[in-house]
Each structure stands twice: as C-alpha cells, then as structure tokens.
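Source file model-v3.cif; content: mmCIF, C-alpha atoms.
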data_query
#
loop_
_atom_site.label_atom_id
_atom_site.label_comp_id
_atom_site.auth_asym_id
_atom_site.auth_seq_id
_atom_site.Cartn_x
_atom_site.Cartn_y
_atom_site.Cartn_z
CA MET A 291 150.19 83.80 110.61
CA ARG A 292 153.22 85.27 112.36
CA PHE A 293 155.84 83.10 114.04
CA GLY A 294 157.84 83.85 117.16
CA PHE A 295 159.93 82.14 119.81
CA MET A 296 160.04 82.50 123.57
CA LEU A 297 163.05 82.77 125.86
CA ASP A 298 162.99 82.27 129.63
CA PHE A 299 166.77 82.25 130.28
CA ARG A 300 166.49 79.34 132.71
CA ASN A 301 169.89 77.96 133.67
CA PRO A 302 169.41 74.90 135.91
CA LYS A 303 172.16 73.71 138.25
CA ARG A 304 172.33 70.31 136.53
CA TRP A 305 173.40 71.90 133.23
CA HIS A 306 174.55 75.27 134.54
CA LEU A 307 176.64 77.60 132.39
CA PRO A 308 178.30 80.75 133.75
CA SER A 309 175.60 83.42 133.58
CA PRO A 310 177.48 85.85 131.28
CA GLU A 311 178.29 83.02 128.85
CA PHE A 312 174.72 81.72 128.89
CA TYR A 313 173.08 85.12 128.44
CA ALA A 314 175.44 85.93 125.57
CA ALA A 315 174.51 82.64 123.87
CA MET A 316 170.79 83.34 124.16
CA ILE A 317 171.19 86.86 122.82
CA GLU A 318 173.06 85.40 119.85
CA GLN A 319 170.19 82.95 119.39
CA THR A 320 167.85 85.92 119.12
CA VAL A 321 170.08 87.52 116.49
CA ARG A 322 170.02 84.24 114.58
CA GLY A 323 166.22 84.06 114.94
CA GLU A 324 165.92 87.48 113.37
CA ALA A 325 168.08 86.39 110.43
CA LEU A 326 165.90 83.28 110.00
CA GLY A 327 162.79 85.43 109.55
CA TYR A 328 160.99 85.00 112.85
CA ASP A 329 158.55 87.83 113.49
CA HIS A 330 158.76 88.02 117.28
CA VAL A 331 160.93 87.11 120.23
CA TRP A 332 158.95 86.88 123.47
CA LEU A 333 160.37 87.18 126.99
CA THR A 334 158.73 85.40 129.87
CA GLU A 335 159.18 86.02 133.58
CA HIS A 336 159.16 84.32 136.97
CA HIS A 337 160.89 85.13 140.24
CA PHE A 338 163.08 83.34 142.80
CA THR A 339 163.29 79.96 141.01
CA ASP A 340 166.14 77.49 141.55
CA ASP A 341 166.90 77.50 137.82
CA ALA A 342 167.28 81.31 137.58
CA TYR A 343 164.19 81.96 135.47
CA ASN A 344 164.53 85.47 134.02
CA PRO A 345 162.97 87.91 136.54
CA ALA A 346 163.45 91.08 134.47
CA SER A 347 161.66 90.81 131.13
CA LEU A 348 161.58 94.55 130.41
CA SER A 349 165.31 94.91 131.03
CA MET A 350 165.98 92.00 128.69
CA ALA A 351 163.72 93.56 126.06
CA ALA A 352 165.89 96.68 126.12
CA ALA A 353 169.02 94.54 125.79
CA LEU A 354 167.66 92.67 122.77
CA ALA A 355 166.47 95.90 121.19
CA VAL A 356 170.02 97.17 120.75
CA ARG A 357 171.23 93.88 119.21
CA THR A 358 168.46 93.54 116.62
CA SER A 359 166.95 95.67 113.87
CA ARG A 360 163.80 93.98 112.52
CA ILE A 361 162.34 91.37 114.85
CA ARG A 362 159.61 92.49 117.24
CA ILE A 363 160.26 92.08 120.96
CA GLY A 364 157.54 91.38 123.51
CA THR A 365 156.81 90.23 127.04
CA PHE A 366 154.89 86.98 127.53
CA VAL A 367 154.12 88.08 130.17
CA LEU A 368 155.14 90.89 132.49
CA LEU A 369 153.75 89.98 135.93
CA LEU A 370 152.09 93.30 136.63
CA PRO A 371 151.06 92.77 140.29
CA PHE A 372 154.76 92.73 141.24
CA ILE A 373 155.79 96.03 139.66
CA SER A 374 154.58 99.62 139.77
CA PRO A 375 152.50 100.34 136.65
CA VAL A 376 154.35 103.65 136.34
CA ARG A 377 157.71 101.88 136.36
CA ALA A 378 156.40 99.32 133.89
CA ALA A 379 155.22 102.06 131.53
CA GLU A 380 158.55 103.91 131.70
CA ASP A 381 160.57 100.73 131.07
CA ALA A 382 158.25 99.75 128.21
CA ILE A 383 158.77 103.16 126.61
CA LEU A 384 162.53 102.66 126.84
CA ALA A 385 162.25 99.30 125.07
CA ASP A 386 160.01 100.89 122.44
CA ILE A 387 162.53 103.67 121.81
CA LEU A 388 165.60 101.42 121.71
CA SER A 389 163.83 99.10 119.26
CA ASN A 390 162.48 102.02 117.20
CA GLY A 391 158.89 100.90 117.66
CA ARG A 392 159.29 97.12 117.71
CA PHE A 393 158.03 96.45 121.24
CA ASP A 394 154.84 94.65 122.38
CA LEU A 395 153.73 94.78 126.02
CA GLY A 396 152.14 91.56 127.26
CA MET A 397 150.91 91.52 130.85
CA GLY A 398 149.45 88.97 133.24
CA GLN A 399 148.21 88.61 136.77
CA GLY A 400 150.60 85.83 137.89
CA TYR A 401 149.66 82.62 139.64
CA THR A 402 152.44 80.99 141.68
CA LEU A 403 151.80 81.03 145.42
CA GLU A 404 155.50 81.38 146.26
CA GLU A 405 155.87 84.60 144.28
CA PHE A 406 152.90 86.28 145.93
CA ASP A 407 154.14 85.20 149.35
CA ALA A 408 157.65 86.50 148.68
CA PHE A 409 156.40 89.86 147.41
CA CYS A 410 153.88 90.06 150.28
CA VAL A 411 151.13 90.72 147.73
CA ASN A 412 147.65 89.40 148.42
CA ARG A 413 147.01 86.85 145.66
CA ALA A 414 143.28 87.55 145.84
CA GLU A 415 144.00 91.05 144.53
CA ARG A 416 145.90 89.96 141.43
CA GLY A 417 143.07 90.41 138.95
CA ALA A 418 142.20 93.83 140.31
CA ARG A 419 145.86 94.86 140.26
CA LEU A 420 146.20 93.79 136.64
CA GLN A 421 143.02 95.55 135.53
CA GLU A 422 143.89 98.78 137.32
CA GLY A 423 147.51 98.67 136.18
CA VAL A 424 146.64 98.21 132.50
CA ALA A 425 144.14 101.07 132.67
CA LEU A 426 146.77 103.39 134.18
CA ILE A 427 149.49 102.33 131.72
CA LYS A 428 147.21 103.11 128.76
CA ARG A 429 146.54 106.58 130.14
CA LEU A 430 150.23 107.21 130.83
CA PHE A 431 151.07 106.19 127.26
CA THR A 432 148.50 108.50 125.70
CA GLU A 433 147.83 111.42 128.07
CA GLU A 434 149.68 114.18 129.86
CA LYS A 435 149.21 115.33 133.46
CA VAL A 436 147.62 112.05 134.48
CA THR A 437 145.90 112.13 137.86
CA PHE A 438 144.84 108.65 138.92
CA ASP A 439 143.17 107.68 142.18
CA GLY A 440 143.39 103.91 142.10
CA ARG A 441 143.07 101.30 144.77
CA PHE A 442 146.73 100.30 144.42
CA THR A 443 148.41 103.23 142.64
CA LYS A 444 147.87 106.97 142.78
CA THR A 445 149.40 109.65 140.56
CA LYS A 446 149.10 113.43 140.37
CA ASP A 447 149.65 115.48 137.21
CA MET A 448 152.03 112.81 135.88
CA THR A 449 153.48 113.12 132.37
CA LEU A 450 155.89 110.43 131.23
CA MET A 451 158.87 111.58 129.22
CA PRO A 452 160.13 110.50 126.75
CA ARG A 453 157.11 109.20 124.86
CA CYS A 454 156.46 105.98 122.93
CA VAL A 455 157.61 105.65 119.34
CA GLN A 456 154.48 103.70 118.39
CA THR A 457 151.18 105.54 118.34
CA PRO A 458 149.05 105.58 120.29
CA HIS A 459 151.21 103.08 122.19
CA PRO A 460 152.85 99.64 121.80
CA PRO A 461 150.41 96.77 121.18
CA LEU A 462 148.96 95.50 124.46
CA TRP A 463 148.44 91.82 125.24
CA VAL A 464 147.01 90.03 128.26
CA GLY A 465 147.67 86.43 129.23
CA ALA A 466 144.56 84.60 130.41
CA ARG A 467 143.55 81.04 131.29
CA GLY A 468 140.35 81.13 133.38
CA PRO A 469 136.93 82.62 132.53
CA LYS A 470 137.43 85.82 134.54
CA GLY A 471 140.84 86.48 133.01
CA ILE A 472 139.58 85.77 129.50
CA ARG A 473 136.71 88.22 129.92
CA ARG A 474 139.08 90.79 131.43
CA ALA A 475 141.41 90.62 128.42
CA ALA A 476 138.48 91.41 126.13
CA GLU A 477 137.22 94.21 128.38
CA LEU A 478 140.67 95.81 128.41
CA GLY A 479 140.77 95.76 124.61
CA ALA A 480 143.98 93.73 124.69
CA ASN A 481 145.18 90.96 122.41
CA LEU A 482 145.13 87.47 123.96
CA MET A 483 148.04 85.23 124.99
CA ALA A 484 147.29 81.53 125.46
CA THR A 485 149.33 78.57 126.72
CA LEU A 486 148.79 74.84 127.23
CA GLY A 487 145.55 73.87 128.90
CA PRO A 488 141.94 74.68 128.03
CA ASP A 489 141.97 77.04 125.05
CA PRO A 490 140.85 80.54 126.12
CA ALA A 491 140.43 81.76 122.52
CA PRO A 492 136.75 80.78 121.95
CA GLY A 493 135.68 82.50 125.18
CA TYR A 494 137.75 85.55 124.30
CA ILE A 495 136.23 85.82 120.82
CA GLN A 496 132.74 85.49 122.28
CA ALA A 497 133.46 88.16 124.90
CA LEU A 498 134.72 90.55 122.23
CA LYS A 499 131.49 90.10 120.28
CA GLU A 500 129.38 90.67 123.40
CA LEU A 501 131.30 93.88 124.05
CA GLY A 502 130.62 95.12 120.52
CA ARG A 503 134.20 94.62 119.37
CA ASN A 504 135.25 93.00 116.10
CA PRO A 505 137.41 89.90 116.79
CA ALA A 506 139.18 90.51 113.46
CA ASP A 507 140.74 93.61 115.03
CA PHE A 508 142.52 91.54 117.69
CA LYS A 509 145.33 88.99 117.75
CA ILE A 510 145.55 85.63 119.50
CA ALA A 511 148.95 84.17 120.37
CA GLN A 512 149.26 80.46 121.14
CA LEU A 513 152.38 79.14 122.89
CA ARG A 514 153.52 75.56 122.26
CA MET A 515 156.68 73.54 122.90
CA VAL A 516 158.50 72.77 119.66
CA TYR A 517 161.68 70.82 118.96
CA CYS A 518 162.96 69.74 115.54
CA ALA A 519 165.81 67.40 114.66
CA LYS A 520 166.78 65.29 111.67
CA THR A 521 165.28 62.09 113.17
CA GLU A 522 162.55 61.35 115.71
CA GLU A 523 164.99 59.58 118.01
CA GLU A 524 167.47 62.43 117.87
CA ALA A 525 164.77 64.96 118.68
CA TRP A 526 163.53 63.14 121.75
CA GLU A 527 166.99 62.19 123.00
CA GLN A 528 168.14 65.80 122.82
CA CYS A 529 165.16 67.40 124.53
CA GLN A 530 163.37 64.91 126.79
CA HIS A 531 165.30 65.55 130.03
CA HIS A 532 165.02 69.30 129.55
CA LEU A 533 161.29 69.02 128.85
CA TRP A 534 160.99 66.93 132.01
CA HIS A 535 162.60 69.72 134.01
CA VAL A 536 160.17 72.26 132.50
CA PHE A 537 157.09 70.12 133.13
CA GLY A 538 158.23 69.36 136.67
CA TYR A 539 158.27 73.05 137.54
CA TYR A 540 154.89 73.82 136.00
CA ALA A 541 153.27 70.69 137.41
CA ASP A 542 154.21 71.83 140.92
CA VAL A 543 153.22 75.50 140.66
CA LEU A 544 150.02 74.89 138.69
CA ALA A 545 148.89 72.14 141.07
CA SER A 546 149.41 74.39 144.08
CA SER A 547 147.63 77.28 142.34
CA ASN A 548 144.85 75.10 140.82
CA ASP A 549 143.31 78.01 138.91
CA VAL A 550 141.97 76.09 135.90
CA GLU A 551 140.41 72.67 135.53
CA GLY A 552 143.14 70.09 135.01
CA ASP A 553 145.92 72.02 136.76
CA ALA A 554 146.01 69.55 139.67
CA ILE A 555 146.23 66.43 137.48
CA PRO A 556 149.58 64.69 138.16
CA MET A 557 152.16 64.04 135.47
CA PRO A 558 151.04 61.14 133.26
CA CYS A 559 154.45 59.46 133.31
CA ALA A 560 157.23 58.80 135.81
CA ARG A 561 160.42 59.40 133.82
CA ALA A 562 161.72 61.69 131.09
CA GLU A 563 162.17 58.73 128.76
CA GLU A 564 158.42 58.04 128.93
CA LEU A 565 157.38 61.47 127.66
CA ARG A 566 157.35 60.42 124.01
CA SER A 567 154.77 57.69 124.66
CA SER A 568 152.67 59.65 127.16
CA PRO A 569 149.56 61.79 126.51
CA LEU A 570 151.81 64.85 126.77
CA ALA A 571 153.39 63.90 123.45
CA ASP A 572 150.09 64.77 121.76
CA VAL A 573 150.52 68.47 122.64
CA LEU A 574 154.28 68.61 122.01
CA PHE A 575 155.65 69.45 118.56
CA VAL A 576 158.69 67.16 118.81
CA GLY A 577 160.25 65.24 115.94
CA THR A 578 161.44 65.72 112.39
CA PRO A 579 160.33 68.80 110.45
CA ASP A 580 157.78 66.60 108.62
CA THR A 581 156.32 65.39 111.93
CA VAL A 582 156.16 68.92 113.31
CA ALA A 583 154.56 70.20 110.10
CA ARG A 584 151.82 67.55 110.27
CA LYS A 585 151.10 68.46 113.88
CA PHE A 586 151.04 72.12 113.00
CA GLU A 587 148.58 71.54 110.17
CA GLN A 588 146.18 69.95 112.65
CA PHE A 589 146.88 72.62 115.25
CA ARG A 590 145.87 75.49 112.99
CA LYS A 591 142.57 73.74 112.26
CA ASP A 592 141.82 73.28 115.95
CA PHE A 593 143.02 76.55 117.52
CA PRO A 594 142.28 80.20 116.65
CA CYS A 595 145.74 81.72 116.25
CA THR A 596 147.30 84.74 114.57
CA ASP A 597 150.69 84.43 116.29
CA PHE A 598 152.32 81.05 116.87
CA ILE A 599 154.96 81.20 119.60
CA MET A 600 157.36 78.31 120.04
CA SER A 601 159.28 77.45 123.16
CA THR A 602 162.26 75.48 121.85
CA HIS A 603 165.10 76.35 124.24
CA PHE A 604 164.03 74.10 127.09
CA ALA A 605 165.78 74.71 130.42
CA GLY A 606 169.39 73.51 130.34
CA ILE A 607 169.58 72.38 126.73
CA ASP A 608 172.72 73.27 124.79
CA PRO A 609 172.00 76.62 123.03
CA LYS A 610 173.60 75.23 119.88
CA LEU A 611 170.98 72.45 119.79
CA SER A 612 168.00 74.71 120.40
CA THR A 613 169.29 77.12 117.77
CA ARG A 614 169.52 74.23 115.30
CA SER A 615 165.91 73.33 116.11
CA MET A 616 164.89 76.92 115.35
CA GLU A 617 166.76 76.75 112.06
CA LEU A 618 165.03 73.54 110.98
CA PHE A 619 161.61 74.93 111.86
CA ALA A 620 162.24 78.20 110.03
CA GLN A 621 163.68 76.54 106.94
CA GLU A 622 161.48 73.45 106.59
CA VAL A 623 158.20 74.11 108.42
CA MET A 624 157.47 77.83 108.59
CA PRO A 625 157.39 78.66 104.85
CA ALA A 626 154.42 76.39 104.17
CA PHE A 627 152.26 78.15 106.76
CA ARG A 628 153.06 81.80 106.09
#

Output the structure of this file as structure tokens.
Amino acid sequence: MRFGFMLDFRNPKRWHLPSPEFYAAMIEQTVRGEALGYDHVWLTEHHFTDDAYNPASLSMAAALAVRTSRIRIGTFVLLLPFISPVRAAEDAILADILSNGRFDLGMGQGYTLEEFDAFCVNRAERGARLQEGVALIKRLFTEEKVTFDGRFTKTKDMTLMPRCVQTPHPPLWVGARGPKGIRRAAELGANLMATLGPDPAPGYIQALKELGRNPADFKIAQLRMVYCAKTEEEAWEQCQHHLWHVFGYYADVLASSNDVEGDAIPMPCARAEELRSSPLADVLFVGTPDTVARKFEQFRKDFPCTDFIMSTHFAGIDPKLSTRSMELFAQEVMPAFR
C-alpha cells in the first residue's frame, strides 16, 4: 500500500494567516512529507469559498514540483467541467515536466451548486463534460494533429508541445461517488478516487470485470481524515474545532447537492466538542498512533485500497501541529502497513 496526504490550502478567517506565510508553510510541510517517506501529495480544489479553498490545483502542482524531488504529486481532483480540457492537458504536461514524471492527473465532475451557478455551467452536463474531457485529454497526450468534434470542445489538427515525460501519459484517476460516476471511471480506464460515504470500490471492481478489464491493473485511493498526537485528549483538543469547520462546509454543500444516499443527513452532533463521542468518530482516525493503527488495521480489512490518502491539515490548524501529526503517522503507524 502507498501512503499520501492531501492539501486544500484552506485559510479560514477565524484562524487566518497572511496568504504568503500560509502557502510557504504548507509547501514546507510537503517538503517534510517527502523526507518522511510519503509516496504522494494530493491537491484538492474548490472555488469561491469563504475560507479560500485552493482553486488552482494544477498551478500548485507545478509549484510543488520544483520544491521536491521524489514524492509524486497529484490532483484529487481537478474539477474538469470548469476548465478547458486543452488547458488542463497543457498544465498537466507542465507539472509532469517540472516534476520529471512524478505527476498524476485526477479528475472529477464536481458537485456544489454554487460553483456551477457561478461558472454558468449547466450542472446536468457535468458527467458528459467529464467523460468528453477525459477522452480528449488522453488523445492530446498520445496523438498529434488531434481533430475533435465534441459537444463541449472542438479542436482542429492540434498537437500539444512540449510532450509528457511519462509514457504514454501521467496516470489518470477519476473521483466517483454515485453509480453512474463509478461506472464511468471504469469505462474511462481510470484509477478510482474514493472519499467518505458509501464505498464506490466494490461497484468499480465489478464494472471493470464486466468491461473485460483486470481489476489488478488499476488502483483505488481512499481518502480519510487522520490526526495523531501523543495522547487521545491532545489529539481531539488540537483538531476538533478545525474538523468542525471542515464538516460544516461539506454538510452544507453535500446536502444541497444530495447526489448520494446519506448526503442530506444532518450532522449527528451540535458542537465541536461532541465530535469525539458522535458516530463521526467511527470514521475518523484521531488519537494516539496506537489508536490510529488499530483503526487502520480494521480499515484495510473493510475497504479495497491501494493508496491511502490522509487529510491531516484541517482548515485553520497550526501547520506545525499538522506537520507533527504527519510525522507521528509516518514514524509510528506507516511502517507496519507498508
């Protein structure tokens, strides 16, 4: 199993740091993650949020590429309906070159109503935009003089230059939650990215088999929230208010989108201090390294996973604390599960 961590660069007003200082701290956290032996750093993306969620995952990938030398860099996920597939392919090639072939391109269809409204993109078209965009990007990566007559994008005799370092192209991933998205990821021949909620992996594996593909040839990434400290109390005290901020955002946007069963269920507790005794605690890897290791042992029995991705820098937490959590996980949990 490979291990990675995710960064969203959220900088809420309540705990706000000057943007240059905050971005520098998170880039240094990535450098430290590389030294600790993490396999991947993943960059997520949303737009127009109050807490300044990173809107430019491909730009950040290029920035991290020039500060690192070994760790792979990926998007989890690039929201493809909001960007030209041609532009996405060109920016992905740049990240691949600057990292000397360490880039993974993860893409998704998006879900938040506010983003689609702001971009004036019809949300009902998101699946079609993703499917068409991935198909075009694959051709642009591998062919010359690409002529493409799509519903949303058209090209004529287009050859991207420069070309990817990786052949035939960087690994492609698709984030999926619902049945249509899960099937689409398999049809596109992409690796799967999964988050909290109903596990898409069994449906994805079944779809691969039905399509005549060998599931062993594909990867499944599972994202979970992880926070380690020397004591249980210290772990919860340090992260609970930041977790509450994160869950508050997702509870609102998922409820309004209501794409998957359970999205509209309200938060099971009323205050940050109640998180540790709520049902949410069952899916959170929070506590001492021993506690987190026990949870991880059960997790790997229950969930198909080749790439475990941890979100540990929760919005607004002191970067020094989240870096320390990463260190504890890498030093005291990760070695037993390699």

Neighbouring residues of region 384-392 of chain A were defined as those with any atom within 9 Å, considering all atoms listed in the file; residues of the same chain fewer than 5 positions away were excluded. Please report them as a PDB file with C-alpha atoms, in the coordinates of the input.
ATOM      1  CA  LEU A 348     161.580  94.550 130.410  1.00  0.00           C
ATOM      2  CA  SER A 349     165.310  94.910 131.030  1.00  0.00           C
ATOM      3  CA  MET A 350     165.980  92.000 128.690  1.00  0.00           C
ATOM      4  CA  ALA A 351     163.720  93.560 126.060  1.00  0.00           C
ATOM      5  CA  ALA A 352     165.890  96.680 126.120  1.00  0.00           C
ATOM      6  CA  ALA A 353     169.020  94.540 125.790  1.00  0.00           C
ATOM      7  CA  LEU A 354     167.660  92.670 122.770  1.00  0.00           C
ATOM      8  CA  ALA A 355     166.470  95.900 121.190  1.00  0.00           C
ATOM      9  CA  VAL A 356     170.020  97.170 120.750  1.00  0.00           C
ATOM     10  CA  THR A 358     168.460  93.540 116.620  1.00  0.00           C
ATOM     11  CA  SER A 359     166.950  95.670 113.870  1.00  0.00           C
ATOM     12  CA  ARG A 360     163.800  93.980 112.520  1.00  0.00           C
ATOM     13  CA  ILE A 361     162.340  91.370 114.850  1.00  0.00           C
ATOM     14  CA  ARG A 362     159.610  92.490 117.240  1.00  0.00           C
ATOM     15  CA  ILE A 363     160.260  92.080 120.960  1.00  0.00           C
ATOM     16  CA  GLY A 364     157.540  91.380 123.510  1.00  0.00           C
ATOM     17  CA  ALA A 379     155.220 102.060 131.530  1.00  0.00           C
ATOM     18  CA  PRO A 452     160.130 110.500 126.750  1.00  0.00           C
ATOM     19  CA  ARG A 453     157.110 109.200 124.860  1.00  0.00           C
ATOM     20  CA  CYS A 454     156.460 105.980 122.930  1.00  0.00           C
ATOM     21  CA  VAL A 455     157.610 105.650 119.340  1.00  0.00           C
ATOM     22  CA  GLN A 456     154.480 103.700 118.390  1.00  0.00           C
ATOM     23  CA  PRO A 460     152.850  99.640 121.800  1.00  0.00           C
TER      24      PRO A 460
END

Next on the checklist: One number please: CA of Ala382 (chain A) to CA of Asp549 (chain A), in Å, one decimal.
Outcome noted: 28.5 Å

Next on the checklist: Please enumerate the residues selected by the PyMOL selection byres ((chain A and resi 614) around 12) when evaluated against the supplied file, formatted as a VMD selection string.
Outcome noted: chain A and resid 319 322 to 323 326 516 to 520 525 528 579 602 to 603 607 to 613 615 to 622

Item to check | Residue nearest Lys303 (chain A) among A:Val321, A:Val436, A:Ala605, A:Ala560 (counting all atoms listed in the file) | outcome: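 That would be A:Ala605, the residue with the smallest distance to Lys303 (chain A).
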
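Across A:Gln512, A:Asn412, A:Ser546, A:Gln421, the tightest approach to Ala475 (chain A) is made by A:Gln421 when counting only C-alpha atoms.
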
Next on the checklist: Which residues are near Thr581 (chain A)? Cut-off 10 Å, all atoms listed in the file, ignore same chain within fewer than 6 positions. Put them as a PyMOL selection string.
Outcome noted: chain A and resi 518+521-522+575+623

Decode the PyMOL selection byres ((chain A and resi 534-542) around 9) for the given file into explicit residues and return them as an mmCIF file with C-alpha atoms, in the frame of the given file.
data_model
loop_
_atom_site.group_PDB
_atom_site.id
_atom_site.type_symbol
_atom_site.label_atom_id
_atom_site.label_comp_id
_atom_site.auth_asym_id
_atom_site.auth_seq_id
_atom_site.Cartn_x
_atom_site.Cartn_y
_atom_site.Cartn_z
ATOM 1 C CA PRO A 302 169.410 74.900 135.910
ATOM 2 C CA CYS A 529 165.160 67.400 124.530
ATOM 3 C CA GLN A 530 163.370 64.910 126.790
ATOM 4 C CA HIS A 531 165.300 65.550 130.030
ATOM 5 C CA HIS A 532 165.020 69.300 129.550
ATOM 6 C CA LEU A 533 161.290 69.020 128.850
ATOM 7 C CA VAL A 543 153.220 75.500 140.660
ATOM 8 C CA LEU A 544 150.020 74.890 138.690
ATOM 9 C CA ALA A 545 148.890 72.140 141.070
ATOM 10 C CA SER A 546 149.410 74.390 144.080
ATOM 11 C CA SER A 547 147.630 77.280 142.340
ATOM 12 C CA ASP A 553 145.920 72.020 136.760
ATOM 13 C CA ALA A 554 146.010 69.550 139.670
ATOM 14 C CA ILE A 555 146.230 66.430 137.480
ATOM 15 C CA PRO A 556 149.580 64.690 138.160
ATOM 16 C CA MET A 557 152.160 64.040 135.470
ATOM 17 C CA ARG A 561 160.420 59.400 133.820
ATOM 18 C CA ALA A 562 161.720 61.690 131.090
ATOM 19 C CA GLU A 563 162.170 58.730 128.760
ATOM 20 C CA LEU A 565 157.380 61.470 127.660
ATOM 21 C CA PHE A 604 164.030 74.100 127.090
ATOM 22 C CA ALA A 605 165.780 74.710 130.420
ATOM 23 C CA GLY A 606 169.390 73.510 130.340
#
